[in-house]
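target12.txt (compact mmCIF, C-alpha atoms)
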```txt
# COMPACT_ATOMS: atom_id res chain seq x y z
CA MET A 1 27.04 191.75 -137.53
CA ALA A 2 25.18 192.87 -140.68
CA THR A 3 21.91 192.65 -138.78
CA VAL A 4 23.31 194.84 -136.01
CA MET A 5 24.42 197.47 -138.53
CA LEU A 6 21.05 197.38 -140.33
CA ARG A 7 19.12 197.72 -137.09
CA ARG A 8 21.37 200.53 -135.86
CA GLY A 9 20.34 202.46 -138.96
CA LEU A 10 16.83 202.63 -137.59
CA PHE A 11 17.76 205.03 -134.78
CA GLY A 12 16.36 207.95 -136.81
CA VAL A 13 12.83 206.65 -136.55
CA PHE A 14 13.04 206.63 -132.76
CA GLY A 15 13.36 210.39 -132.50
CA VAL A 16 10.32 210.69 -134.74
CA ALA A 17 8.44 208.11 -132.69
CA LEU A 18 9.18 209.86 -129.44
CA ALA A 19 8.05 213.19 -130.83
CA ALA A 20 4.92 211.60 -132.26
CA LEU A 21 3.89 209.89 -129.07
CA VAL A 22 4.64 213.00 -127.07
CA ALA A 23 2.42 214.92 -129.50
CA VAL A 24 -0.39 212.37 -129.15
CA SER A 25 -0.18 212.61 -125.37
CA GLY A 26 -0.58 216.40 -125.55
CA MET A 27 3.00 217.42 -124.84
CA ARG A 28 5.01 219.65 -127.12
CA PRO A 29 6.56 217.71 -130.03
CA SER A 30 10.15 218.33 -131.10
CA LEU A 31 9.44 217.95 -134.82
CA ALA A 32 7.77 220.41 -137.15
CA GLN A 33 4.14 219.51 -137.85
CA ASP A 34 4.73 218.89 -141.56
CA GLU A 35 7.48 216.30 -140.93
CA LEU A 36 5.19 213.74 -139.35
CA GLU A 37 1.77 212.53 -140.38
CA TYR A 38 -0.41 211.20 -137.60
CA LEU A 39 -2.57 208.49 -139.17
CA GLY A 40 -4.76 207.54 -136.24
CA THR A 41 -5.24 205.69 -132.99
CA HIS A 42 -6.47 202.12 -132.72
CA ARG A 43 -7.15 201.30 -129.07
CA ASP A 44 -3.64 201.20 -127.51
CA TRP A 45 -1.70 201.76 -130.77
CA HIS A 46 -0.89 204.90 -132.77
CA ALA A 47 -0.01 204.97 -136.49
CA PHE A 48 2.36 207.48 -138.13
CA SER A 49 4.15 208.20 -141.38
CA PHE A 50 6.94 210.51 -142.45
CA ILE A 51 9.24 211.07 -145.42
CA GLU A 52 12.92 210.27 -144.94
CA ASN A 53 15.41 210.87 -147.76
CA GLY A 54 12.50 211.10 -150.20
CA SER A 55 10.94 207.79 -149.16
CA ARG A 56 7.91 207.12 -146.99
CA VAL A 57 8.38 205.39 -143.64
CA CYS A 58 5.41 204.09 -141.65
CA TYR A 59 5.28 202.85 -138.09
CA ILE A 60 2.98 202.04 -135.25
CA ALA A 61 3.84 202.65 -131.63
CA SER A 62 2.57 201.93 -128.16
CA ARG A 63 3.57 202.54 -124.56
CA PRO A 64 3.40 199.86 -121.89
CA THR A 65 0.21 199.62 -119.85
CA ARG A 66 2.37 198.68 -116.87
CA ASP A 67 6.10 199.17 -116.22
CA GLU A 68 7.71 197.58 -113.19
CA GLY A 69 11.17 197.64 -111.65
CA ASN A 70 13.10 198.98 -108.69
CA TYR A 71 14.34 202.18 -110.35
CA THR A 72 14.26 205.81 -109.27
CA SER A 73 13.92 207.32 -112.74
CA ARG A 74 13.36 206.04 -116.23
CA GLY A 75 12.90 207.71 -119.59
CA ASP A 76 10.15 207.14 -122.14
CA ILE A 77 9.30 203.53 -123.01
CA PHE A 78 8.00 202.54 -126.48
CA LEU A 79 7.34 199.55 -128.69
CA LEU A 80 7.57 200.24 -132.43
CA ILE A 81 6.80 198.29 -135.60
CA THR A 82 8.34 199.97 -138.65
CA HIS A 83 7.89 199.62 -142.44
CA ARG A 84 10.50 201.08 -144.80
CA PRO A 85 9.29 200.04 -148.28
CA ALA A 86 12.19 201.75 -150.10
CA GLU A 87 14.53 199.39 -148.22
CA ASN A 88 12.23 196.38 -148.63
CA SER A 89 11.97 196.32 -144.83
CA ARG A 90 8.72 195.76 -142.97
CA ASP A 91 7.49 194.67 -139.57
CA VAL A 92 10.74 195.62 -137.84
CA VAL A 93 10.13 195.24 -134.10
CA SER A 94 12.02 197.49 -131.71
CA PHE A 95 11.80 198.55 -128.09
CA ILE A 96 13.03 201.79 -126.58
CA THR A 97 13.37 201.10 -122.90
CA GLY A 98 13.99 204.41 -121.15
CA TYR A 99 17.41 203.36 -119.86
CA THR A 100 20.66 201.93 -121.20
CA TYR A 101 20.59 198.14 -121.33
CA GLN A 102 23.19 196.03 -119.59
CA PRO A 103 25.99 195.47 -122.16
CA ASP A 104 25.70 192.20 -124.13
CA SER A 105 22.31 191.48 -122.58
CA GLU A 106 19.18 190.18 -124.24
CA VAL A 107 15.57 191.19 -123.82
CA GLU A 108 13.04 188.43 -123.13
CA VAL A 109 9.64 188.86 -124.79
CA THR A 110 6.61 186.70 -124.02
CA ILE A 111 3.45 186.77 -126.12
CA GLY A 112 0.98 184.12 -124.98
CA SER A 113 2.98 180.89 -124.80
CA GLN A 114 5.64 182.08 -127.27
CA GLN A 115 9.03 183.39 -126.15
CA PHE A 116 11.47 185.57 -128.09
CA ARG A 117 14.94 187.01 -127.44
CA LEU A 118 16.15 190.34 -128.76
CA PHE A 119 19.59 191.89 -128.84
CA THR A 120 20.30 195.26 -127.23
CA ASN A 121 22.31 198.35 -128.03
CA ASN A 122 22.26 201.36 -125.71
CA ASP A 123 18.55 201.93 -124.97
CA THR A 124 17.06 199.94 -127.86
CA ALA A 125 16.36 196.26 -128.50
CA TRP A 126 15.64 194.49 -131.80
CA ALA A 127 14.85 191.03 -133.08
CA TYR A 128 17.94 189.30 -134.45
CA ASP A 129 16.60 189.04 -138.01
CA ALA A 130 13.57 189.53 -140.26
CA ASP A 131 12.29 186.00 -139.57
CA ASP A 132 12.18 186.75 -135.83
CA ASP A 133 10.40 190.03 -136.60
CA ARG A 134 7.77 188.18 -138.64
CA ARG A 135 7.24 185.53 -135.95
CA MET A 136 6.85 188.20 -133.28
CA VAL A 137 4.37 190.20 -135.37
CA GLN A 138 2.31 187.07 -136.05
CA ALA A 139 2.24 186.35 -132.31
CA MET A 140 1.21 189.96 -131.67
CA ILE A 141 -1.68 189.64 -134.15
CA SER A 142 -3.10 186.68 -132.25
CA GLY A 143 -2.12 187.84 -128.75
CA THR A 144 -3.66 190.22 -126.25
CA THR A 145 -0.63 191.18 -124.14
CA MET A 146 3.14 191.20 -124.46
CA VAL A 147 5.54 191.07 -121.52
CA VAL A 148 9.08 192.41 -121.96
CA ARG A 149 11.80 191.67 -119.39
CA ALA A 150 15.19 193.35 -119.47
CA THR A 151 18.12 194.48 -117.33
CA SER A 152 19.55 197.99 -117.15
CA ASN A 153 23.27 198.78 -117.19
CA ARG A 154 22.92 199.24 -113.40
CA GLY A 155 21.57 195.70 -113.00
CA THR A 156 17.95 196.71 -112.45
CA ARG A 157 15.45 194.16 -113.80
CA THR A 158 12.35 195.63 -115.43
CA THR A 159 9.12 194.11 -116.65
CA ASP A 160 6.96 196.06 -119.10
CA THR A 161 3.51 194.87 -120.16
CA TYR A 162 2.02 196.04 -123.45
CA SER A 163 -1.56 195.75 -124.61
CA LEU A 164 -1.94 194.31 -128.10
CA LEU A 165 -5.50 195.64 -128.43
CA GLY A 166 -5.65 197.66 -131.65
CA PHE A 167 -2.33 196.29 -132.91
CA THR A 168 -3.79 194.57 -135.98
CA ALA A 169 -5.91 197.56 -137.01
CA ALA A 170 -2.96 199.94 -136.65
CA ARG A 171 -0.68 197.59 -138.58
CA ASN A 172 -3.29 197.22 -141.33
CA GLN A 173 -3.38 201.01 -141.64
CA ILE A 174 0.37 201.30 -142.24
CA ASN A 175 0.27 198.24 -144.51
CA GLU A 176 -2.13 200.16 -146.77
CA LEU A 177 0.06 203.26 -146.88
CA CYS A 178 3.49 201.60 -146.98
CA GLY A 179 2.64 198.39 -148.83
CA ALA A 180 1.85 195.01 -147.35
```

The structure in this file should be written as structure tokens.
Amino acid sequence: MATVMLRRGLFGVFGVALAALVAVSGMRPSLAQDELEYLGTHRDWHAFSFIENGSRVCYIASRPTRDEGNYTSRGDIFLLITHRPAENSRDVVSFITGYTYQPDSEVEVTIGSQQFRLFTNNDTAWAYDADDDRRMVQAMISGTTMVVRATSNRGTRTTDTYSLLGFTAARNQINELCGA
């Protein structure tokens, strides 16, 4: 339960991530320009930083290269890796799926031959603990694609495929700014 509460505290970064990725894609961001620092793009990954409660937060984000499922509409889809050095938290993996997950469901993640399970809450999924985060990030460093399978609260199965090209360079950039 402590992990769930800790991960729920990360919801604030999602609003920033959405605004940042919308800004990168040329749409109007919902945050003031001085609240978010765009650090750069590395192939399919974007790096950002912002100050929250006086402390720097860094994250990288990507959208899926392919999203599949029998749905009529779906919101924005993102994969985020977040560092919060003031909380001694780094490499926190989270997915925003663009719909509300089926209650008490898990997300299945495949990177190469490795498989991971994440817990869900509303429209977001996280690794169960920091060790799972670290294992996923290590798999992402050596992988080229990530496949994420989940089920919406309406029972719709989705499969999202993410490119991992540029992941390591983007992560290295936030490691420099937010401590490795």

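Here CA of Met146 in chain A and CA of Leu39 in chain A stand 23.4 Å from one another.
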
Residues near Glu108 in chain A, cut-off 10 Å, only C-alpha atoms, skip fewer than 5 positions along chain, as a PyMOL selection string: chain A and resi 115-119+147-151+159

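Compared by their closest atoms to Leu177 in chain A, and using only C-alpha atoms, the residues A:Pro85, A:Glu35, A:Asp76, A:Thr41 rank with A:Pro85 nearest.
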
Of the residues A:Asn153, A:Thr120, A:Ser105, A:Ser163, which is the one nearest to Ile141 in chain A, using all atoms listed in the file? A:Ser163

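The spacing separating CA of Ser62 in chain A from CA of Tyr162 in chain A amounts to 7.6 Å.
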
Residues near Ile81 in chain A, cut-off 6 Å, all atoms listed in the file, skip fewer than 3 positions along chain, as a PyMOL selection string: chain A and resi 59-60+91-93

The distance between CA of Tyr71 in chain A and CA of Phe95 in chain A is 18.3 Å

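Proximity ranking of A:Asn175, A:Asn70, A:Ser89, A:Ser49 relative to Asp131 in chain A places A:Ser89 first, based on all atoms listed in the file.
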
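Shortest atom-to-atom contact with Arg84 in chain A among A:Cys58, A:Ala139, A:Leu164, A:Val109: A:Cys58, counting only C-alpha atoms.
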
Taking (14.1, 211.4, -146.4) in the file's coordinates as the center, which residues reach within 12 Å of it, counting all atoms listed in the file, put as a PyMOL selection string? chain A and resi 12-13+35-36+49-57+84+86

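Take the candidates A:Gly112, A:Thr82, A:His46, A:Ala125 and check each one against Thr100 in chain A using only C-alpha atoms; the shortest distance goes to A:Ala125.
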
Counting all atoms listed in the file, which residue out of A:Tyr38, A:Ala47, A:Ile111, A:Thr72 sits closest to Thr168 in chain A? A:Ala47
